[in-house]
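File shown: structure-v6.txt (compact mmCIF, C-alpha atoms).
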```txt
# COMPACT_ATOMS: atom_id res chain seq x y z
CA MET S 1 -158.27 40.81 17.48
CA LYS S 2 -162.06 41.16 17.29
CA PHE S 3 -163.88 41.98 14.08
CA SER S 4 -167.49 42.88 13.40
CA ILE S 5 -168.30 42.47 9.71
CA TYR S 6 -171.38 43.44 7.70
CA ARG S 7 -172.95 40.38 6.19
CA TYR S 8 -175.69 40.25 3.58
CA ASN S 9 -176.42 37.61 1.00
CA PRO S 10 -179.63 38.66 -0.78
CA GLU S 11 -180.25 35.05 -1.85
CA VAL S 12 -180.38 33.85 1.76
CA ASP S 13 -180.77 36.82 4.15
CA SER S 14 -183.92 38.89 4.50
CA LYS S 15 -181.86 41.76 5.91
CA PRO S 16 -178.20 42.61 6.61
CA TYR S 17 -176.58 41.77 9.95
CA MET S 18 -173.21 42.19 11.68
CA GLN S 19 -171.19 39.03 12.33
CA ASN S 20 -168.41 38.77 14.91
CA TYR S 21 -165.08 37.13 14.15
CA GLU S 22 -161.88 36.74 16.12
CA LEU S 23 -158.32 36.37 14.92
CA ASP S 24 -155.24 35.61 16.99
CA LEU S 25 -152.72 38.04 15.51
CA THR S 26 -149.81 36.49 17.42
CA LYS S 27 -150.22 33.32 15.37
CA THR S 28 -150.75 34.96 11.98
CA PRO S 29 -148.69 37.20 9.74
CA ALA S 30 -151.56 39.67 9.28
CA VAL S 31 -150.39 43.29 9.11
CA MET S 32 -153.07 45.00 7.06
CA VAL S 33 -156.85 44.75 7.23
CA LEU S 34 -156.90 42.85 3.93
CA ASP S 35 -154.53 40.20 5.38
CA ALA S 36 -156.99 39.72 8.25
CA ILE S 37 -160.01 39.46 5.94
CA LYS S 38 -158.23 36.83 3.86
CA LEU S 39 -157.54 34.81 7.03
CA LEU S 40 -161.16 35.23 8.14
CA LYS S 41 -162.29 33.96 4.76
CA ALA S 42 -160.23 30.84 5.42
CA GLN S 43 -162.37 30.40 8.56
CA ASP S 44 -165.63 31.28 6.81
CA GLU S 45 -165.57 30.85 3.07
CA THR S 46 -168.96 32.56 2.63
CA LEU S 47 -167.42 35.95 3.52
CA SER S 48 -167.28 37.97 0.30
CA PHE S 49 -165.09 40.93 -0.62
CA ARG S 50 -163.18 42.35 -3.59
CA ARG S 51 -159.41 42.51 -3.74
CA SER S 52 -156.72 42.36 -6.37
CA CYS S 53 -153.28 43.97 -6.16
CA SER S 54 -153.10 44.13 -2.35
CA GLU S 55 -150.83 47.17 -2.45
CA GLY S 56 -153.07 50.23 -2.86
CA VAL S 57 -152.86 50.44 -6.64
CA CYS S 58 -156.02 48.79 -8.00
CA GLY S 59 -158.58 50.23 -5.57
CA SER S 60 -160.63 47.02 -5.44
CA ASP S 61 -160.78 46.62 -1.67
CA ALA S 62 -162.24 50.00 -0.73
CA MET S 63 -164.54 49.59 2.26
CA ASN S 64 -165.68 51.34 5.40
CA ILE S 65 -163.26 50.51 8.22
CA ASN S 66 -164.25 51.68 11.71
CA GLY S 67 -166.54 54.31 10.16
CA ARG S 68 -164.04 55.63 7.64
CA ASN S 69 -163.67 54.74 3.96
CA ALA S 70 -160.25 53.30 3.18
CA LEU S 71 -158.41 50.61 1.26
CA ALA S 72 -158.15 47.43 3.34
CA CYS S 73 -154.76 46.57 1.84
CA VAL S 74 -153.02 49.74 3.05
CA THR S 75 -154.80 50.15 6.39
CA SER S 76 -152.64 48.79 9.18
CA LEU S 77 -154.40 46.72 11.84
CA SER S 78 -152.19 48.33 14.49
CA THR S 79 -153.89 51.70 13.90
CA LEU S 80 -157.42 50.38 14.56
CA LYS S 81 -159.52 50.14 17.70
CA GLU S 82 -161.28 46.88 18.53
CA PRO S 83 -163.65 45.58 17.45
CA VAL S 84 -162.70 46.47 13.90
CA VAL S 85 -166.00 47.22 12.19
CA LEU S 86 -166.01 46.50 8.46
CA ARG S 87 -168.89 47.65 6.31
CA PRO S 88 -169.37 48.09 2.55
CA LEU S 89 -168.86 51.56 1.07
CA PRO S 90 -171.81 53.69 2.24
CA GLY S 91 -174.39 55.04 -0.17
CA MET S 92 -173.87 52.30 -2.76
CA PRO S 93 -176.10 49.28 -3.37
CA VAL S 94 -174.73 46.14 -1.71
CA ILE S 95 -174.33 43.11 -3.94
CA ARG S 96 -173.11 40.86 -1.15
CA ASP S 97 -171.26 41.39 2.17
CA LEU S 98 -168.50 43.96 1.49
CA ILE S 99 -169.07 44.05 -2.27
CA VAL S 100 -170.96 47.08 -3.62
CA ASP S 101 -172.44 47.79 -7.03
CA LEU S 102 -170.22 50.41 -8.69
CA THR S 103 -172.32 50.70 -11.88
CA ASN S 104 -173.53 54.24 -11.14
CA PHE S 105 -170.03 55.27 -10.05
CA TYR S 106 -168.65 54.19 -13.43
CA GLU S 107 -171.60 55.77 -15.29
CA GLN S 108 -170.61 59.11 -13.77
CA TYR S 109 -166.99 58.46 -14.74
CA LYS S 110 -168.13 57.67 -18.30
CA LYS S 111 -170.00 61.01 -18.51
CA THR S 112 -166.69 62.88 -18.17
CA LYS S 113 -165.40 61.28 -21.40
CA PRO S 114 -162.18 60.23 -19.67
CA TYR S 115 -159.94 60.15 -22.72
CA LEU S 116 -157.99 62.73 -24.69
CA GLN S 117 -159.96 64.48 -27.43
CA ASN S 118 -157.99 66.31 -30.08
CA SER S 119 -159.39 67.28 -33.48
CA GLN S 120 -155.96 68.07 -34.95
CA PRO S 121 -154.17 65.42 -37.07
CA PRO S 122 -151.88 63.36 -34.87
CA PRO S 123 -148.21 64.35 -35.12
CA ALA S 124 -145.61 61.90 -36.39
CA LYS S 125 -144.41 61.01 -32.89
CA GLU S 126 -146.41 62.37 -29.98
CA ARG S 127 -148.24 65.45 -28.69
CA LEU S 128 -145.66 67.27 -26.62
CA GLN S 129 -146.24 69.11 -23.35
CA SER S 130 -144.00 71.55 -21.52
CA PRO S 131 -142.99 70.54 -17.97
CA GLU S 132 -145.35 73.26 -16.69
CA GLU S 133 -148.29 71.90 -18.70
CA ARG S 134 -147.54 68.39 -17.50
CA ALA S 135 -147.32 69.58 -13.89
CA LYS S 136 -150.98 70.66 -14.03
CA LEU S 137 -151.96 66.99 -14.15
CA ASP S 138 -150.21 66.19 -10.87
CA GLY S 139 -152.72 65.42 -8.16
CA LEU S 140 -155.26 64.37 -10.81
CA TYR S 141 -153.88 61.45 -12.82
CA GLU S 142 -153.06 59.43 -9.70
CA CYS S 143 -156.71 58.61 -8.96
CA ILE S 144 -157.30 54.84 -8.86
CA LEU S 145 -161.14 55.06 -8.91
CA CYS S 146 -161.51 53.14 -5.65
CA GLY S 147 -164.70 55.06 -4.80
CA CYS S 148 -163.72 56.00 -1.23
CA CYS S 149 -164.33 59.69 -1.94
CA SER S 150 -167.66 59.53 -3.78
CA SER S 151 -168.97 57.07 -1.21
CA ALA S 152 -168.07 59.50 1.61
CA CYS S 153 -169.84 62.45 -0.06
CA PRO S 154 -173.39 63.34 1.12
CA SER S 155 -174.04 65.23 -2.12
CA TYR S 156 -173.32 62.00 -4.00
CA TRP S 157 -175.54 60.01 -1.61
CA TRP S 158 -178.51 62.32 -2.29
CA ASN S 159 -178.00 62.79 -6.04
CA PRO S 160 -175.88 59.89 -7.35
CA ASP S 161 -177.53 60.10 -10.76
CA LYS S 162 -176.99 63.84 -11.27
CA PHE S 163 -173.90 64.85 -9.27
CA LEU S 164 -170.69 63.47 -10.78
CA GLY S 165 -169.18 62.82 -7.38
CA PRO S 166 -165.64 63.72 -6.35
CA ALA S 167 -163.93 60.88 -8.24
CA ALA S 168 -165.52 61.62 -11.63
CA ALA S 169 -165.14 65.38 -11.08
CA LEU S 170 -161.41 64.85 -10.46
CA GLN S 171 -161.19 62.92 -13.72
CA ALA S 172 -163.08 65.68 -15.54
CA THR S 173 -160.52 68.21 -14.27
CA ARG S 174 -157.67 65.94 -15.37
CA PHE S 175 -158.82 66.26 -19.01
CA ILE S 176 -159.96 69.90 -18.83
CA LEU S 177 -156.49 70.94 -17.66
CA ASP S 178 -154.64 68.73 -20.16
CA SER S 179 -152.96 70.96 -22.76
CA ARG S 180 -153.22 68.19 -25.38
CA ASP S 181 -157.03 68.09 -25.17
CA ASP S 182 -158.96 70.59 -27.33
CA ALA S 183 -162.50 69.68 -26.26
CA THR S 184 -162.25 71.94 -23.20
CA GLN S 185 -165.26 74.10 -24.08
CA ASP S 186 -167.50 71.07 -24.69
CA ARG S 187 -166.34 69.54 -21.43
CA LEU S 188 -167.03 72.74 -19.49
CA ALA S 189 -170.45 73.18 -21.12
CA GLN S 190 -171.44 69.76 -19.80
CA LEU S 191 -170.60 70.78 -16.23
CA GLU S 192 -172.25 74.19 -15.76
CA ASP S 193 -175.66 72.87 -14.64
CA ALA S 194 -176.81 72.96 -11.03
CA TYR S 195 -175.83 69.36 -10.27
CA SER S 196 -172.83 67.92 -12.17
CA ILE S 197 -170.18 69.74 -10.11
CA PHE S 198 -172.11 72.56 -8.42
CA ARG S 199 -173.79 70.16 -5.99
CA CYS S 200 -170.40 70.02 -4.23
CA ARG S 201 -170.74 71.92 -0.93
CA SER S 202 -166.96 71.77 -0.25
CA ILE S 203 -167.25 69.79 2.98
CA MET S 204 -164.08 67.94 1.94
CA ASN S 205 -165.01 64.44 3.12
CA CYS S 206 -163.44 63.32 -0.17
CA VAL S 207 -160.10 64.89 0.72
CA ASP S 208 -160.26 63.38 4.19
CA VAL S 209 -160.64 59.78 2.97
CA CYS S 210 -158.69 59.69 -0.32
CA PRO S 211 -156.09 56.90 0.12
CA LYS S 212 -153.88 58.55 -2.51
CA GLY S 213 -153.91 61.95 -0.75
CA LEU S 214 -155.69 63.71 -3.64
CA ASN S 215 -157.90 66.79 -3.42
CA PRO S 216 -161.15 66.48 -5.42
CA THR S 217 -162.55 69.63 -3.76
CA LYS S 218 -159.72 71.66 -5.30
CA ALA S 219 -160.26 69.90 -8.65
CA ILE S 220 -163.93 70.98 -8.58
CA ALA S 221 -162.85 74.53 -7.65
CA ASP S 222 -160.49 74.49 -10.66
CA ILE S 223 -163.42 73.63 -12.96
CA ARG S 224 -165.46 76.42 -11.35
CA ASP S 225 -162.62 78.87 -11.92
CA LYS S 226 -162.46 77.86 -15.59
CA LEU S 227 -166.24 78.29 -15.94
CA ILE S 228 -166.04 81.73 -14.32
CA GLU S 229 -163.14 82.77 -16.58
CA ASP S 230 -165.16 81.84 -19.65
CA GLY S 231 -168.63 82.77 -18.44
CA VAL S 232 -168.34 86.30 -17.03
CA MET L 1 -176.11 68.39 -18.13
CA VAL L 2 -179.21 68.40 -15.90
CA ILE L 3 -182.08 70.74 -16.82
CA THR L 4 -183.73 72.52 -13.89
CA ALA L 5 -186.99 74.49 -13.81
CA THR L 6 -187.27 76.12 -10.38
CA SER L 7 -183.66 77.10 -9.66
CA LEU L 8 -182.96 80.84 -9.55
CA GLY L 9 -180.19 80.92 -12.15
CA ARG L 10 -180.20 79.03 -15.44
CA THR L 11 -176.98 77.28 -14.50
CA GLY L 12 -175.22 76.09 -11.37
CA LEU L 13 -172.54 78.68 -12.09
CA GLN L 14 -175.11 81.51 -11.94
CA ASP L 15 -176.55 80.20 -8.68
CA TRP L 16 -173.06 79.87 -7.23
CA LEU L 17 -172.14 83.44 -8.20
CA ILE L 18 -175.46 84.91 -6.99
CA GLN L 19 -175.07 83.14 -3.65
CA ARG L 20 -171.57 84.55 -3.15
CA VAL L 21 -172.44 88.11 -4.23
CA THR L 22 -175.59 88.22 -2.08
CA ALA L 23 -173.59 86.84 0.86
CA MET L 24 -171.18 89.77 0.50
CA VAL L 25 -174.06 92.27 0.34
CA LEU L 26 -175.58 90.78 3.49
CA ALA L 27 -172.22 90.76 5.26
CA VAL L 28 -171.60 94.45 4.50
CA TYR L 29 -175.18 95.46 5.45
CA SER L 30 -175.10 93.44 8.70
CA ALA L 31 -171.66 94.80 9.61
CA TYR L 32 -172.92 98.36 9.04
CA LEU L 33 -175.93 97.79 11.29
CA VAL L 34 -173.81 96.19 14.03
CA PHE L 35 -171.31 99.07 13.77
CA TYR L 36 -174.18 101.59 13.97
CA LEU L 37 -175.63 99.91 17.07
CA ILE L 38 -172.20 99.87 18.77
CA LEU L 39 -171.77 103.58 18.04
CA HIS L 40 -175.26 104.36 19.40
CA PRO L 41 -175.51 102.44 22.69
CA ASN L 42 -178.53 104.41 23.94
CA LEU L 43 -180.40 104.30 20.67
CA SER L 44 -183.70 106.18 20.69
CA TYR L 45 -186.68 105.43 18.46
CA SER L 46 -186.31 108.81 16.76
CA ALA L 47 -182.65 108.16 15.83
CA TRP L 48 -183.60 104.70 14.48
CA HIS L 49 -186.49 106.32 12.58
CA ILE L 50 -184.20 108.96 11.07
CA LEU L 51 -181.70 106.29 9.99
CA PHE L 52 -184.32 104.37 8.03
CA SER L 53 -185.97 107.53 6.66
CA THR L 54 -182.96 108.32 4.46
CA SER L 55 -183.11 107.16 0.84
CA GLY L 56 -179.65 105.62 1.07
CA MET L 57 -180.65 103.36 3.97
CA ARG L 58 -183.94 102.45 2.29
CA TYR L 59 -182.22 101.36 -0.92
CA ALA L 60 -179.47 99.58 1.03
CA SER L 61 -182.13 97.74 3.06
CA LEU L 62 -184.02 96.85 -0.12
CA LEU L 63 -180.80 95.54 -1.67
CA ALA L 64 -180.14 93.49 1.47
CA LEU L 65 -183.72 92.16 1.43
CA VAL L 66 -183.50 91.14 -2.23
CA SER L 67 -180.11 89.55 -1.53
CA LEU L 68 -181.54 87.67 1.44
CA ILE L 69 -184.42 86.34 -0.64
CA ALA L 70 -182.17 85.28 -3.55
CA HIS L 71 -179.68 83.70 -1.13
CA ALA L 72 -182.42 81.91 0.80
CA TRP L 73 -184.08 80.60 -2.36
CA ILE L 74 -180.85 79.14 -3.77
CA GLY L 75 -180.16 77.50 -0.41
CA PHE L 76 -183.68 76.17 -0.02
CA TRP L 77 -183.80 74.94 -3.62
CA THR L 78 -180.57 72.99 -3.02
CA VAL L 79 -181.83 71.47 0.23
CA SER L 80 -185.24 70.63 -1.26
CA THR L 81 -183.69 68.89 -4.26
CA ASP L 82 -181.49 66.90 -1.86
CA TYR L 83 -184.16 65.72 0.55
CA LEU L 84 -187.56 65.97 -1.17
CA LYS L 85 -187.35 63.38 -3.89
CA PRO L 86 -190.90 62.95 -5.29
CA ALA L 87 -191.76 65.86 -7.63
CA PHE L 88 -195.37 65.96 -6.36
CA VAL L 89 -194.02 66.74 -2.87
CA ARG L 90 -191.17 68.98 -3.93
CA LEU L 91 -192.99 71.28 -6.35
CA PRO L 92 -195.85 72.44 -4.03
CA ILE L 93 -193.36 73.10 -1.22
CA GLN L 94 -191.06 75.00 -3.57
CA VAL L 95 -193.98 77.09 -4.85
CA ALA L 96 -195.12 77.79 -1.27
CA VAL L 97 -191.61 78.96 -0.29
CA ILE L 98 -191.35 81.14 -3.43
CA LEU L 99 -194.68 82.80 -2.58
CA LEU L 100 -193.60 83.24 1.05
CA LEU L 101 -190.32 84.89 -0.03
CA LEU L 102 -192.06 87.17 -2.56
CA GLY L 103 -194.61 88.07 0.12
CA ASN L 104 -191.74 88.98 2.42
CA LEU L 105 -190.26 91.18 -0.30
CA VAL L 106 -193.53 93.09 -0.78
CA TRP L 107 -194.00 93.37 2.99
CA GLY L 108 -190.41 94.60 3.38
CA ILE L 109 -190.90 97.30 0.73
CA GLN L 110 -194.13 98.35 2.42
CA ILE L 111 -192.33 98.67 5.78
CA LEU L 112 -189.29 100.50 4.36
CA TRP L 113 -191.33 103.03 2.41
CA GLY L 114 -193.98 103.34 5.11
CA ILE L 115 -191.56 104.80 7.64
```

Take the structure in the file and write it out as structure tokens.
Amino acid sequence: MKFSIYRYNPEVDSKPYMQNYELDLTKTPAVMVLDAIKLLKAQDETLSFRRSCSEGVCGSDAMNINGRNALACVTSLSTLKEPVVLRPLPGMPVIRDLIVDLTNFYEQYKKTKPYLQNSQPPPAKERLQSPEERAKLDGLYECILCGCCSSACPSYWWNPDKFLGPAAALQATRFILDSRDDATQDRLAQLEDAYSIFRCRSIMNCVDVCPKGLNPTKAIADIRDKLIEDGV
Amino acid sequence: MVITATSLGRTGLQDWLIQRVTAMVLAVYSAYLVFYLILHPNLSYSAWHILFSTSGMRYASLLALVSLIAHAWIGFWTVSTDYLKPAFVRLPIQVAVILLLLGNLVWGIQILWGI
């Protein structure tokens, strides 16, 4: 199987380039893209990429595979056309080869204060939720922060410092809708400006690429609905 | 929370609501005009003149014009803040578009009340 992989080492290369590789899949146990990249690294140890759990849980190996953001560990080689083109996540600064700088991505995540805030004294055991209240978090808590969605979003490309991006917006919704959190008004007040969530144009690239099947566009619409309920 | 100076509404929520409401106004106004043209296939100048001479049509047209300008400004402001990054480029272009839109409003009122 043929591969074309984005290569860039800022210490050596003046500009990025695509490098071709070939792998005989009949002689290897490679099933997923990550398996292939690991085998290619055995051929060329300078090839750099992130990976950890190898089963779609950690989100480390998000990359652009044949023009589409995905996790290398859960993307089957059999579904891909040759040559398989691997690039780093678009719209993010490249550190080296397939490794991107996620600092801004995490800064946006940090802005959402992604932890429960409750001013009431903690109960003896735990803060209880009804099954209905808990169900509101479904489709939100599963996010693994791989960055596939934010990196596929043109609004995030143009305003990465001001627009939260789909991933952080999904996390914001996760805490706004949590019945145990009582900082809802403060959270909403932080999001009503023209950029934080309203830069979303609902083109749904995020939904298209999310490896966990989540819907950040709906999460942003949920925040908008909350703002409308409180603001009109 | 990002502070903006040239956006129409004070918040993204206001801009979002204004854009939706003005879109509905424009949809209703356009649908009415299309419906009117279908019902009057051999439209004469005098019939067209009478239509726009009524106060109701004048105020409806003014409402549609204001809606168009508000809708266009929110859209343009969004596009300009996406693609025109340096403030010294963005601000003069934004001011020029604001003046152009306000000029269109005055011109539109002049036309509507000059019939």

Item to complete: Tell me which protein, DNA and RNA residues are within 12 Å of Leu86 of chain S, counting only C-alpha atoms, leaving out same-chain ones fewer than 2 positions away, and put them as a PyMOL selection string.
Response: chain S and resi 2-7+17-21+33-34+36-37+47-49+61-72+75+80-84+88-90+97-99

With 12 Å as the cut-off and only C-alpha atoms counted, what is the closest atom pair between each nearby residue of chain L and segment 195-209 of chain S? Distances in Å to one decimal, ordered by chain and number, as CSV.
```
residue,atom,partner,partner_atom,distance
L:Met1,CA,S:Ser196,CA,6.8
L:Val2,CA,S:Tyr195,CA,6.6
L:Ile3,CA,S:Tyr195,CA,9.2
L:Thr4,CA,S:Tyr195,CA,9.2
L:Ser7,CA,S:Tyr195,CA,11.0
L:Arg10,CA,S:Tyr195,CA,11.8
L:Thr11,CA,S:Tyr195,CA,9.1
L:Gly12,CA,S:Phe198,CA,5.6
L:Leu13,CA,S:Phe198,CA,7.1
L:Gln14,CA,S:Phe198,CA,10.1
L:Asp15,CA,S:Phe198,CA,8.8
L:Trp16,CA,S:Phe198,CA,7.5
L:Leu17,CA,S:Phe198,CA,10.9
L:Gln19,CA,S:Phe198,CA,12.0
L:Ile74,CA,S:Arg199,CA,11.6
L:Gly75,CA,S:Arg201,CA,11.0
L:Trp77,CA,S:Arg199,CA,11.3
L:Thr78,CA,S:Arg199,CA,7.9
L:Val79,CA,S:Arg199,CA,10.2
L:Thr81,CA,S:Tyr195,CA,9.9
L:Asp82,CA,S:Arg199,CA,9.3
```

Discussion item. Taking 3 positions as the minimum chain separation for residues in the same chain, which residues sit within 10 Å of segment 53-66 of chain L when counting only C-alpha atoms? Answer as an NGL selection string.
Written reply: :L and (22-30 or 47-50 or 69-72 or 101-102 or 104-105 or 108-109 or 111-115)

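Going from atom CA of Arg87 of chain S over to atom CA of Cys143 of chain S, you cover 22.4 Å.
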
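Here atom CA of His40 of chain L is placed at a distance of 25.3 Å from atom CA of Leu68 of chain L.
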